[in-house]
>>> print(open('model-v2.csv').read())   # CSV, C-alpha atoms
chain,number,residue,atom,x,y,z
A,1,MET,CA,-3.9,-6.5,-0.4
A,2,THR,CA,-1.6,-5.2,-3.0
A,3,THR,CA,-0.4,-1.7,-2.4
A,4,ASP,CA,3.2,-1.8,-3.5
A,5,ASN,CA,2.6,-1.0,-7.1
A,6,ASP,CA,1.0,2.4,-6.4
A,7,SER,CA,3.5,4.7,-8.1
A,8,LEU,CA,3.6,2.6,-11.3
A,9,PHE,CA,0.7,4.4,-12.9
A,10,GLU,CA,2.3,7.7,-12.1
A,11,THR,CA,5.4,6.4,-13.9
A,12,LEU,CA,3.3,5.3,-16.8
A,13,ARG,CA,1.6,8.6,-17.0
A,14,GLN,CA,4.9,10.4,-17.1
A,15,TRP,CA,6.3,8.1,-19.8
A,16,LYS,CA,3.2,8.6,-21.9
A,17,ALA,CA,3.3,12.4,-21.3
A,18,ALA,CA,6.9,12.4,-22.6
A,19,GLY,CA,5.7,10.6,-25.8
A,20,LYS,CA,7.2,7.2,-25.0
A,21,SER,CA,5.7,3.8,-25.9
A,22,ALA,CA,4.9,1.6,-22.9
A,23,ALA,CA,3.5,-1.8,-22.0
A,24,LEU,CA,2.0,-3.1,-18.8
A,25,ALA,CA,2.5,-6.6,-17.6
A,26,THR,CA,0.2,-8.2,-15.0
A,27,VAL,CA,0.4,-11.5,-13.1
A,28,VAL,CA,-3.1,-12.9,-13.7
A,29,SER,CA,-2.7,-16.5,-12.4
A,30,THR,CA,-0.3,-18.3,-10.1
A,31,TRP,CA,0.1,-21.9,-9.1
A,32,GLY,CA,2.4,-23.3,-6.5
A,33,SER,CA,5.1,-21.2,-5.0
A,34,SER,CA,5.3,-18.3,-7.4
A,35,PRO,CA,6.9,-15.3,-5.8
A,36,ARG,CA,4.5,-12.4,-6.7
A,37,PRO,CA,0.8,-12.5,-6.2
A,38,GLU,CA,-2.0,-12.0,-8.8
A,39,GLY,CA,-2.2,-8.3,-9.8
A,40,SER,CA,1.5,-7.7,-9.6
A,41,HIS,CA,2.6,-5.3,-12.3
A,42,LEU,CA,5.7,-4.5,-14.3
A,43,VAL,CA,5.8,-1.5,-16.6
A,44,VAL,CA,8.2,-1.3,-19.5
A,45,ASP,CA,9.1,1.5,-21.9
A,46,ALA,CA,10.4,1.2,-25.5
A,47,GLU,CA,14.1,1.4,-24.3
A,48,GLY,CA,13.6,-1.5,-21.9
A,49,HIS,CA,13.5,0.5,-18.8
A,50,PHE,CA,11.2,-1.2,-16.3
A,51,VAL,CA,9.6,-0.6,-12.9
A,52,GLY,CA,7.9,-3.2,-10.7
A,53,SER,CA,8.0,-6.9,-10.8
A,54,VAL,CA,6.1,-10.0,-11.8
A,55,SER,CA,8.5,-12.6,-10.2
A,56,GLY,CA,11.5,-12.7,-8.0
A,57,GLY,CA,13.5,-11.6,-11.0
A,58,CYS,CA,13.6,-14.9,-12.9
A,59,ILE,CA,11.2,-14.1,-15.8
A,60,GLU,CA,11.5,-10.3,-16.0
A,61,GLY,CA,13.8,-10.6,-19.0
A,62,ALA,CA,11.4,-12.7,-21.0
A,63,VAL,CA,8.5,-10.4,-20.1
A,64,ILE,CA,10.5,-7.3,-21.2
A,65,ASP,CA,11.2,-9.0,-24.6
A,66,ALA,CA,7.5,-9.7,-25.0
A,67,ALA,CA,6.6,-6.2,-24.0
A,68,SER,CA,8.6,-4.8,-26.9
A,69,GLN,CA,6.7,-7.0,-29.3
A,70,VAL,CA,3.5,-5.9,-27.8
A,71,MET,CA,4.5,-2.2,-28.2
A,72,ALA,CA,5.3,-2.9,-31.8
A,73,SER,CA,2.1,-4.8,-32.7
A,74,GLY,CA,-0.3,-3.0,-30.4
A,75,LYS,CA,-1.8,-6.4,-29.5
A,76,PRO,CA,-1.8,-8.0,-26.0
A,77,GLN,CA,0.0,-11.3,-25.3
A,78,MET,CA,-0.5,-13.9,-22.6
A,79,LEU,CA,2.7,-15.5,-21.4
A,80,GLU,CA,3.0,-18.6,-19.3
A,81,PHE,CA,6.0,-19.7,-17.3
A,82,GLY,CA,6.3,-22.8,-15.2
A,83,VAL,CA,8.6,-25.7,-14.4
A,84,SER,CA,6.8,-27.9,-16.9
A,85,ASP,CA,7.7,-25.4,-19.6
A,86,GLU,CA,11.0,-25.7,-21.5
A,87,GLN,CA,11.2,-22.0,-22.0
A,88,ALA,CA,10.6,-21.3,-18.3
A,89,TRP,CA,13.6,-23.4,-17.5
A,90,GLU,CA,15.6,-21.4,-19.9
A,91,VAL,CA,14.5,-18.2,-18.3
A,92,GLY,CA,15.0,-19.7,-14.9
A,93,LEU,CA,11.7,-19.9,-13.0
A,94,ALA,CA,13.1,-22.7,-10.9
A,95,CYS,CA,11.0,-21.9,-7.8
A,96,GLY,CA,8.5,-24.6,-8.6
A,97,GLY,CA,5.7,-22.3,-9.4
A,98,ARG,CA,3.8,-21.4,-12.5
A,99,VAL,CA,2.6,-17.9,-13.5
A,100,GLN,CA,0.5,-16.5,-16.2
A,101,VAL,CA,1.4,-12.9,-17.2
A,102,PHE,CA,-0.8,-10.7,-19.4
A,103,VAL,CA,1.2,-8.1,-21.4
A,104,GLU,CA,-0.8,-5.2,-22.9
A,105,PRO,CA,0.2,-2.0,-24.8
A,106,VAL,CA,-0.6,1.4,-23.3
A,107,GLU,CA,-1.9,3.7,-25.9
B,108,MET,CA,-4.8,-0.2,-21.8
B,109,LYS,CA,-5.9,3.2,-22.8
B,110,ASN,CA,-4.1,6.3,-21.6
B,111,ALA,CA,-7.4,7.5,-20.1
B,112,ILE,CA,-7.4,4.5,-17.8
B,113,VAL,CA,-3.8,5.0,-16.7
B,114,ASP,CA,-4.8,8.6,-15.8
B,115,ARG,CA,-7.9,7.5,-13.9
B,116,ILE,CA,-6.0,4.9,-11.8
B,117,ALA,CA,-3.2,7.4,-11.1
B,118,VAL,CA,-5.6,10.0,-9.9
B,119,ALA,CA,-7.7,7.6,-7.8
B,120,GLN,CA,-4.5,6.4,-6.1
B,121,ARG,CA,-3.5,10.0,-5.3
B,122,GLU,CA,-7.0,10.7,-3.9
B,123,ARG,CA,-7.2,7.4,-2.0
B,124,GLN,CA,-10.2,6.2,-3.9
B,125,PRO,CA,-10.5,2.4,-4.4
B,126,LEU,CA,-11.0,1.2,-8.0
B,127,VAL,CA,-11.3,-2.2,-9.8
B,128,LEU,CA,-10.0,-2.7,-13.4
B,129,VAL,CA,-11.6,-5.6,-15.3
B,130,THR,CA,-9.7,-6.9,-18.3
B,131,ARG,CA,-11.0,-9.4,-20.9
B,132,LEU,CA,-7.8,-11.4,-21.5
B,133,ALA,CA,-8.8,-12.5,-25.0
B,134,ASP,CA,-8.5,-9.0,-26.4
B,135,GLY,CA,-7.5,-6.6,-23.7
B,136,ALA,CA,-10.9,-4.8,-23.5
B,137,GLN,CA,-11.3,-3.1,-20.1
B,138,CYS,CA,-13.7,-1.3,-17.8
B,139,LEU,CA,-13.1,0.5,-14.5
B,140,ILE,CA,-15.4,0.1,-11.5
B,141,ASP,CA,-15.6,2.4,-8.6
B,142,ALA,CA,-18.1,2.8,-5.7
B,143,ALA,CA,-20.5,4.8,-7.9
B,144,SER,CA,-20.2,3.6,-11.5
B,145,THR,CA,-18.7,1.4,-14.2
B,146,GLU,CA,-17.1,2.8,-17.3
B,147,GLY,CA,-15.2,1.6,-20.3
B,148,GLU,CA,-15.7,-0.4,-23.5
B,149,LEU,CA,-16.1,-3.8,-21.7
B,150,SER,CA,-19.6,-4.5,-20.4
B,151,LEU,CA,-20.1,-7.0,-17.6
B,152,SER,CA,-23.1,-9.1,-16.5
B,153,ALA,CA,-24.7,-8.1,-13.3
B,154,GLU,CA,-23.1,-11.0,-11.5
B,155,GLN,CA,-19.6,-10.2,-12.9
B,156,ALA,CA,-20.0,-6.5,-11.9
B,157,ALA,CA,-21.1,-7.6,-8.4
B,158,GLU,CA,-18.2,-9.9,-8.0
B,159,ALA,CA,-15.7,-7.3,-9.2
B,160,GLY,CA,-17.3,-4.7,-7.0
B,161,SER,CA,-16.7,-6.8,-3.9
B,162,LEU,CA,-13.0,-6.5,-4.6
B,163,LEU,CA,-13.2,-2.7,-3.9
B,164,ILE,CA,-13.4,-3.7,-0.3
B,165,THR,CA,-11.1,-6.7,0.0
B,166,GLY,CA,-8.4,-5.3,-2.3
B,167,ARG,CA,-7.9,-8.8,-3.8
B,168,SER,CA,-7.1,-9.4,-7.5
B,169,ALA,CA,-8.3,-12.5,-9.3
B,170,LYS,CA,-10.0,-14.0,-12.3
B,171,LEU,CA,-13.7,-13.6,-12.2
B,172,GLY,CA,-16.0,-16.7,-12.2
B,173,GLY,CA,-17.7,-17.8,-15.4
B,174,ALA,CA,-16.0,-18.7,-18.7
B,175,ASP,CA,-15.3,-15.2,-20.1
B,176,GLY,CA,-11.6,-15.0,-19.2
B,177,LEU,CA,-12.0,-11.8,-17.1
B,178,PHE,CA,-9.3,-10.7,-14.7
B,179,ALA,CA,-10.1,-8.1,-12.0
B,180,ARG,CA,-7.3,-6.1,-10.5
B,181,SER,CA,-8.2,-4.0,-7.5
B,182,TYR,CA,-6.4,-0.9,-6.5
B,183,ILE,CA,-7.1,0.1,-2.9
B,184,PRO,CA,-5.5,3.0,-1.0
B,185,ALA,CA,-2.0,2.5,0.4
B,186,PRO,CA,-2.0,2.1,4.1
B,187,ARG,CA,-1.2,5.4,5.7
B,188,LEU,CA,0.9,6.1,8.8
B,189,LEU,CA,0.3,9.3,10.8
B,190,ILE,CA,3.2,9.9,13.1
B,191,VAL,CA,2.7,12.5,15.9
B,192,GLY,CA,6.0,13.9,17.2
B,193,ALA,CA,8.8,14.7,14.8
B,194,VAL,CA,11.3,13.0,17.1
B,195,HIS,CA,14.4,11.0,16.4
B,196,ILE,CA,12.5,7.7,16.1
B,197,ALA,CA,10.1,9.4,13.7
B,198,GLN,CA,13.0,10.2,11.4
B,199,ALA,CA,13.9,6.5,11.0
B,200,LEU,CA,10.3,5.3,11.0
B,201,SER,CA,9.1,7.7,8.3
B,202,GLN,CA,11.9,6.4,5.9
B,203,ILE,CA,11.4,2.7,6.5
B,204,ALA,CA,7.6,2.8,6.6
B,205,ALA,CA,7.6,4.7,3.2
B,206,ALA,CA,9.9,1.9,1.8
B,207,ALA,CA,7.4,-0.7,3.0
B,208,GLY,CA,4.6,1.0,1.1
B,209,PHE,CA,3.0,3.3,3.7
B,210,GLU,CA,2.0,6.8,2.9
B,211,VAL,CA,3.6,8.7,5.8
B,212,ILE,CA,2.7,12.0,7.3
B,213,VAL,CA,4.6,13.4,10.3
B,214,ILE,CA,2.7,15.9,12.5
B,215,ASP,CA,4.3,18.3,14.9
B,216,PRO,CA,3.5,22.0,15.4
B,217,ARG,CA,7.1,22.6,16.7
B,218,GLY,CA,8.9,23.8,13.7
B,219,ALA,CA,12.3,23.0,15.1
B,220,PHE,CA,11.3,19.3,15.1
B,221,ALA,CA,9.3,19.0,11.9
B,222,SER,CA,11.8,20.6,9.6
B,223,PRO,CA,12.5,19.5,6.0
B,224,GLU,CA,16.2,19.2,6.9
B,225,ARG,CA,15.4,16.5,9.5
B,226,PHE,CA,12.8,14.9,7.3
B,227,PRO,CA,14.0,15.1,3.7
B,228,GLY,CA,11.2,14.0,1.3
B,229,VAL,CA,8.7,13.3,4.0
B,230,ARG,CA,5.3,15.0,4.1
B,231,LEU,CA,5.1,17.2,7.2
B,232,SER,CA,2.2,18.9,8.9
B,233,ASP,CA,2.9,21.8,11.4
B,234,GLU,CA,-0.7,21.8,12.6
B,235,TRP,CA,-1.7,20.7,16.1
B,236,PRO,CA,-2.5,17.0,16.0
B,237,ASP,CA,-6.2,17.3,16.5
B,238,GLU,CA,-6.5,19.8,13.6
B,239,ALA,CA,-4.3,17.6,11.4
B,240,LEU,CA,-6.2,14.4,12.1
B,241,ALA,CA,-9.5,16.1,11.6
B,242,ARG,CA,-8.4,17.3,8.2
B,243,LEU,CA,-6.7,14.1,7.1
B,244,GLY,CA,-9.4,11.7,8.3
B,245,LEU,CA,-8.9,8.5,10.2
B,246,ASP,CA,-10.0,5.5,8.1
B,247,ALA,CA,-9.5,1.8,8.3
B,248,ALA,CA,-6.4,2.0,6.2
B,249,THR,CA,-4.7,4.4,8.6
B,250,ALA,CA,-2.4,3.8,11.5
B,251,LEU,CA,-1.6,6.3,14.2
B,252,VAL,CA,1.7,6.4,16.2
B,253,ALA,CA,2.2,8.9,19.0
B,254,LEU,CA,5.9,9.4,19.7
B,255,SER,CA,6.2,12.9,21.1
B,256,HIS,CA,6.3,12.0,24.8
B,257,ASP,CA,4.4,15.3,25.3
B,258,PRO,CA,0.8,14.8,26.5
B,259,LYS,CA,-0.2,18.2,24.8
B,260,LEU,CA,0.5,16.5,21.5
B,261,ASP,CA,0.0,12.8,22.0
B,262,ASP,CA,-3.3,12.9,24.1
B,263,PRO,CA,-5.5,14.9,21.6
B,264,ALA,CA,-4.3,12.5,18.8
B,265,LEU,CA,-5.1,9.4,20.9
B,266,GLU,CA,-8.5,10.8,21.9
B,267,LEU,CA,-9.4,11.2,18.2
B,268,ALA,CA,-7.9,7.9,17.1
B,269,LEU,CA,-9.4,5.6,19.9
B,270,PRO,CA,-13.1,5.9,18.7
B,271,SER,CA,-12.1,5.9,15.0
B,272,LYS,CA,-11.6,3.0,12.5
B,273,VAL,CA,-7.8,3.2,12.4
B,274,PHE,CA,-6.3,-0.3,12.2
B,275,TYR,CA,-3.5,0.4,14.6
B,276,ILE,CA,-2.8,2.8,17.5
B,277,GLY,CA,0.6,2.9,19.2
B,278,ALA,CA,2.1,5.2,21.8
B,279,LEU,CA,5.7,5.5,22.9
B,280,GLY,CA,6.5,5.8,26.6
B,281,SER,CA,7.6,3.9,29.7
B,282,ARG,CA,5.1,1.8,31.6
B,283,ARG,CA,4.8,4.6,34.2
B,284,THR,CA,4.3,7.2,31.5
B,285,HIS,CA,1.7,5.0,29.9
B,286,GLU,CA,-0.1,4.3,33.1
B,287,LYS,CA,-0.5,8.1,33.6
B,288,ARG,CA,-1.6,8.4,30.0
B,289,LEU,CA,-4.3,5.8,30.6
B,290,GLU,CA,-5.6,7.6,33.6
B,291,ARG,CA,-6.0,10.8,31.6
B,292,LEU,CA,-7.7,9.0,28.7
B,293,ARG,CA,-10.0,7.2,31.1
B,294,ALA,CA,-10.9,10.5,32.7
B,295,ALA,CA,-11.7,11.8,29.2
B,296,GLY,CA,-14.4,9.1,28.9
B,297,LEU,CA,-12.3,6.6,26.8
B,298,ALA,CA,-12.0,3.8,29.4
B,299,GLU,CA,-13.5,1.1,27.2
B,300,LEU,CA,-11.2,1.9,24.3
B,301,VAL,CA,-7.8,2.5,25.9
B,302,GLY,CA,-6.9,-1.2,25.4
B,303,ARG,CA,-6.5,-0.5,21.7
B,304,ILE,CA,-3.2,1.3,22.3
B,305,HIS,CA,-0.1,-0.7,21.7
B,306,SER,CA,2.3,0.4,24.5
B,307,PRO,CA,5.0,-0.4,25.0
B,308,ILE,CA,5.0,0.1,21.3
B,309,GLY,CA,6.5,-2.3,18.7
B,310,LEU,CA,7.5,-5.9,18.6
B,311,ASP,CA,10.1,-6.9,21.2
B,312,LEU,CA,13.2,-7.3,19.0
B,313,GLY,CA,15.5,-6.1,21.8
B,314,GLY,CA,16.8,-3.1,19.9
B,315,ARG,CA,17.4,0.2,21.7
B,316,SER,CA,18.5,2.7,19.0
B,317,PRO,CA,16.0,5.0,17.3
B,318,ALA,CA,16.3,3.0,14.1
B,319,GLU,CA,16.0,-0.3,15.8
B,320,ILE,CA,12.8,0.9,17.7
B,321,ALA,CA,11.5,2.1,14.3
B,322,VAL,CA,11.9,-1.4,12.9
B,323,SER,CA,10.0,-2.8,15.9
B,324,ILE,CA,7.1,-0.4,15.4
B,325,LEU,CA,7.0,-1.1,11.6
B,326,ALA,CA,7.1,-4.8,12.2
B,327,GLU,CA,4.1,-4.5,14.6
B,328,LEU,CA,2.2,-2.4,12.2
B,329,ILE,CA,2.7,-5.0,9.4
B,330,GLN,CA,1.7,-7.8,11.7
B,331,VAL,CA,-1.5,-6.1,12.9
B,332,ARG,CA,-2.3,-5.1,9.3
B,333,TYR,CA,-2.2,-8.7,8.0
B,334,ARG,CA,-3.0,-10.8,11.1
B,335,GLY,CA,-5.2,-8.5,13.0
B,336,GLU,CA,-5.0,-7.7,16.7
B,337,ARG,CA,-5.6,-11.3,17.7
B,338,GLY,CA,-2.7,-12.5,15.5
B,339,ALA,CA,-0.3,-10.0,17.0
B,340,THR,CA,2.2,-11.5,19.4
B,341,GLY,CA,1.9,-8.6,21.8
B,342,ALA,CA,5.4,-7.5,22.8
B,343,VAL,CA,7.6,-5.2,24.6
B,344,ALA,CA,10.0,-2.6,23.1
B,345,SER,CA,11.8,0.2,24.9
B,346,THR,CA,10.7,3.7,25.8
>>> encode(input="model-v2.csv", output="structure tokens")
Amino acid sequence: MTTDNDSLFETLRQWKAAGKSAALATVVSTWGSSPRPEGSHLVVDAEGHFVGSVSGGCIEGAVIDAASQVMASGKPQMLEFGVSDEQAWEVGLACGGRVQVFVEPVE
Amino acid sequence: MKNAIVDRIAVAQRERQPLVLVTRLADGAQCLIDAASTEGELSLSAEQAAEAGSLLITGRSAKLGGADGLFARSYIPAPRLLIVGAVHIAQALSQIAAAAGFEVIVIDPRGAFASPERFPGVRLSDEWPDEALARLGLDAATALVALSHDPKLDDPALELALPSKVFYIGALGSRRTHEKRLERLRAAGLAELVGRIHSPIGLDLGGRSPAEIAVSILAELIQVRYRGERGATGAVAST
């Protein structure tokens, strides 16, 4: 059961009502000891404000960067982070897990 | 994700209606499934729709079978905690349970207890518990905690909760108080159900202050929610 993301859509709604750009990131696959389960959400606005989480804090920065590209292009992106991935080491997902995060524009 | 889908999910969450969102990961096309219908630009096979529909009940989120790269995210209602008795322990419990994701409602017809000053930001009901519970409904995502120490308030709430689908029932009180309560509930025809009541309430963490007892109660709620009654350790807290 995932019920801790419930106010995120209210936040998204308020951002959109205020005319802001926004993107939604969702954990769609996990392997090993990733800290947040499938379905976990992070919402990001154009200024980089964010609510929610897709990890214990290690990949949020990279997801927020991708979110700004997604807002600019209007096209979704699939991100993958894991210990076998050089970039994942750089962003610090050192917990031994792997996660796949889908980032989509809200429009 | 379209703005209309954001709105639908936000409204469904406010109204405690379960929903499943299915996303095609290749291009972001989506549809929403509820108990009655499927809507959106993404169309699903009968098998995919059935698989996604089953998540309305389990609340799980996962990729769907088949090679289409579909991810189903379910949104089920937040667990709800109804607290009868706007007492000191309720002040602490309402805050920490909300932080743990529960939708909290404190019920007490005594205005001096259930005041916004004592419960800032908490949803309060000044109805009698039986009226409030009848209005709010007692579903399987709801827990009921009776803390008032007053049989006039606690008993009617327990009488409604015992035959309902609520996932947890707890009542504050000493062993002696609870024995008397059980006698009254048995006399009311609920003898076979009284075993559902957690009393002494809460996991036995040894704490005695209102906030510590609130932690014990919340810990027990979480344990029963995820492990079920059989997985609960059964424990002793204070009065």
>>> closest_atom_pairs(input="model-v2.csv", of="chain A", to="chain B", cutoff="10 Å", atoms="only C-alpha atoms", output="CSV")
residue,atom,partner,partner_atom,distance
A:Met1,CA,B:Gly166,CA,5.0
A:Thr2,CA,B:Gly166,CA,6.8
A:Thr3,CA,B:Ala185,CA,5.3
A:Asp4,CA,B:Gly208,CA,5.6
A:Asn5,CA,B:Gly208,CA,8.7
A:Asp6,CA,B:Gln120,CA,6.8
A:Ser7,CA,B:Ala117,CA,7.8
A:Leu8,CA,B:Ala117,CA,8.3
A:Phe9,CA,B:Ala117,CA,5.2
A:Glu10,CA,B:Ala117,CA,5.6
A:Thr11,CA,B:Ala117,CA,9.1
A:Leu12,CA,B:Val113,CA,7.1
A:Arg13,CA,B:Val113,CA,6.5
A:Gln14,CA,B:Asp114,CA,10.0
A:Lys16,CA,B:Asn110,CA,7.7
A:Ala17,CA,B:Asn110,CA,9.6
A:Ala22,CA,B:Met108,CA,9.9
A:Ala23,CA,B:Met108,CA,8.5
A:Leu24,CA,B:Met108,CA,8.0
A:Thr26,CA,B:Arg180,CA,9.0
A:Val27,CA,B:Ala169,CA,9.5
A:Val28,CA,B:Phe178,CA,6.7
A:Ser29,CA,B:Ala169,CA,7.5
A:Thr30,CA,B:Ala169,CA,9.9
A:Pro37,CA,B:Ser168,CA,8.6
A:Glu38,CA,B:Ser168,CA,5.9
A:Gly39,CA,B:Ser168,CA,5.5
A:Ser40,CA,B:Arg180,CA,9.0
A:Lys75,CA,B:Asp134,CA,7.8
A:Pro76,CA,B:Gly135,CA,6.3
A:Gln77,CA,B:Leu132,CA,8.7
A:Met78,CA,B:Leu132,CA,7.8
A:Phe102,CA,B:Leu132,CA,7.3
A:Val103,CA,B:Gly135,CA,9.1
A:Glu104,CA,B:Met108,CA,6.5
A:Pro105,CA,B:Met108,CA,6.1
A:Val106,CA,B:Met108,CA,4.7
A:Glu107,CA,B:Lys109,CA,5.1
>>> write_last_selection(input="model-v2.csv", atoms="C-alpha atoms", output="compact mmCIF listing (two decimals), keeping the file's coordinate frame")
# COMPACT_ATOMS: atom_id res chain seq x y z
CA MET A 1 -3.90 -6.50 -0.40
CA THR A 2 -1.60 -5.20 -3.00
CA THR A 3 -0.40 -1.70 -2.40
CA ASP A 4 3.20 -1.80 -3.50
CA ASN A 5 2.60 -1.00 -7.10
CA ASP A 6 1.00 2.40 -6.40
CA SER A 7 3.50 4.70 -8.10
CA LEU A 8 3.60 2.60 -11.30
CA PHE A 9 0.70 4.40 -12.90
CA GLU A 10 2.30 7.70 -12.10
CA THR A 11 5.40 6.40 -13.90
CA LEU A 12 3.30 5.30 -16.80
CA ARG A 13 1.60 8.60 -17.00
CA GLN A 14 4.90 10.40 -17.10
CA LYS A 16 3.20 8.60 -21.90
CA ALA A 17 3.30 12.40 -21.30
CA ALA A 22 4.90 1.60 -22.90
CA ALA A 23 3.50 -1.80 -22.00
CA LEU A 24 2.00 -3.10 -18.80
CA THR A 26 0.20 -8.20 -15.00
CA VAL A 27 0.40 -11.50 -13.10
CA VAL A 28 -3.10 -12.90 -13.70
CA SER A 29 -2.70 -16.50 -12.40
CA THR A 30 -0.30 -18.30 -10.10
CA PRO A 37 0.80 -12.50 -6.20
CA GLU A 38 -2.00 -12.00 -8.80
CA GLY A 39 -2.20 -8.30 -9.80
CA SER A 40 1.50 -7.70 -9.60
CA LYS A 75 -1.80 -6.40 -29.50
CA PRO A 76 -1.80 -8.00 -26.00
CA GLN A 77 0.00 -11.30 -25.30
CA MET A 78 -0.50 -13.90 -22.60
CA PHE A 102 -0.80 -10.70 -19.40
CA VAL A 103 1.20 -8.10 -21.40
CA GLU A 104 -0.80 -5.20 -22.90
CA PRO A 105 0.20 -2.00 -24.80
CA VAL A 106 -0.60 1.40 -23.30
CA GLU A 107 -1.90 3.70 -25.90
>>> residues_near_point(input="model-v2.csv", point="(-4.6, 17.8, 10.8)", cutoff="12 Å", atoms="all atoms listed in the file", output="ChimeraX atom specification")
/B:189-191,212-216,231-245,260,263-264,267
>>> closest_atom_pairs(input="model-v2.csv", of="segment 205-266 of chain B", to="segment 285-307 of chain B", cutoff="10 Å", atoms="all atoms listed in the file", output="CSV")
residue,atom,partner,partner_atom,distance
B:Leu251,CA,B:Ile304,CA,9.7
B:Val252,CA,B:His305,CA,9.2
B:Ala253,CA,B:Ile304,CA,9.9
B:His256,CA,B:His285,CA,9.8
B:Pro258,CA,B:Arg288,CA,7.7
B:Asp261,CA,B:Arg288,CA,9.3
B:Asp262,CA,B:Leu292,CA,7.5
B:Pro263,CA,B:Leu292,CA,9.5
B:Leu265,CA,B:Leu292,CA,8.2
B:Glu266,CA,B:Leu292,CA,7.1
>>> closest_residue(input="model-v2.csv", among="A:Asp65, A:Trp31, A:Ala46, A:Ser53", to="Phe81 of chain A", atoms="all atoms listed in the file")
A:Trp31
>>> atom_distance(input="model-v2.csv", atom1="atom CA of Asp257 of chain B", atom2="atom CA of Gly192 of chain B")
8.4 Å
>>> residues_around(input="model-v2.csv", residues="Phe274 of chain B", least_positions_apart="6", cutoff="7 Å", atoms="only C-alpha atoms", output="MDAnalysis selection string")
chainID B and resid 247:250 332
>>> atom_distance(input="model-v2.csv", atom1="atom CA of Ser150 of chain B", atom2="atom CA of Leu126 of chain B")
16.1 Å
>>> atom_distance(input="model-v2.csv", atom1="atom CA of Val211 of chain B", atom2="atom CA of His49 of chain A")
27.8 Å
>>> closest_residue(input="model-v2.csv", among="A:Val99, A:Val70, A:Val54, A:Leu42", to="Ser21 of chain A", atoms="all atoms listed in the file")
A:Val70
>>> closest_residue(input="model-v2.csv", among="B:Ile324, B:Ala157, B:Leu188, B:Leu200", to="Leu312 of chain B", atoms="all atoms listed in the file")
B:Ile324
>>> closest_residue(input="model-v2.csv", among="A:Ile59, A:Met71, A:Val44, A:Ala18", to="Val101 of chain A", atoms="all atoms listed in the file")
A:Ile59
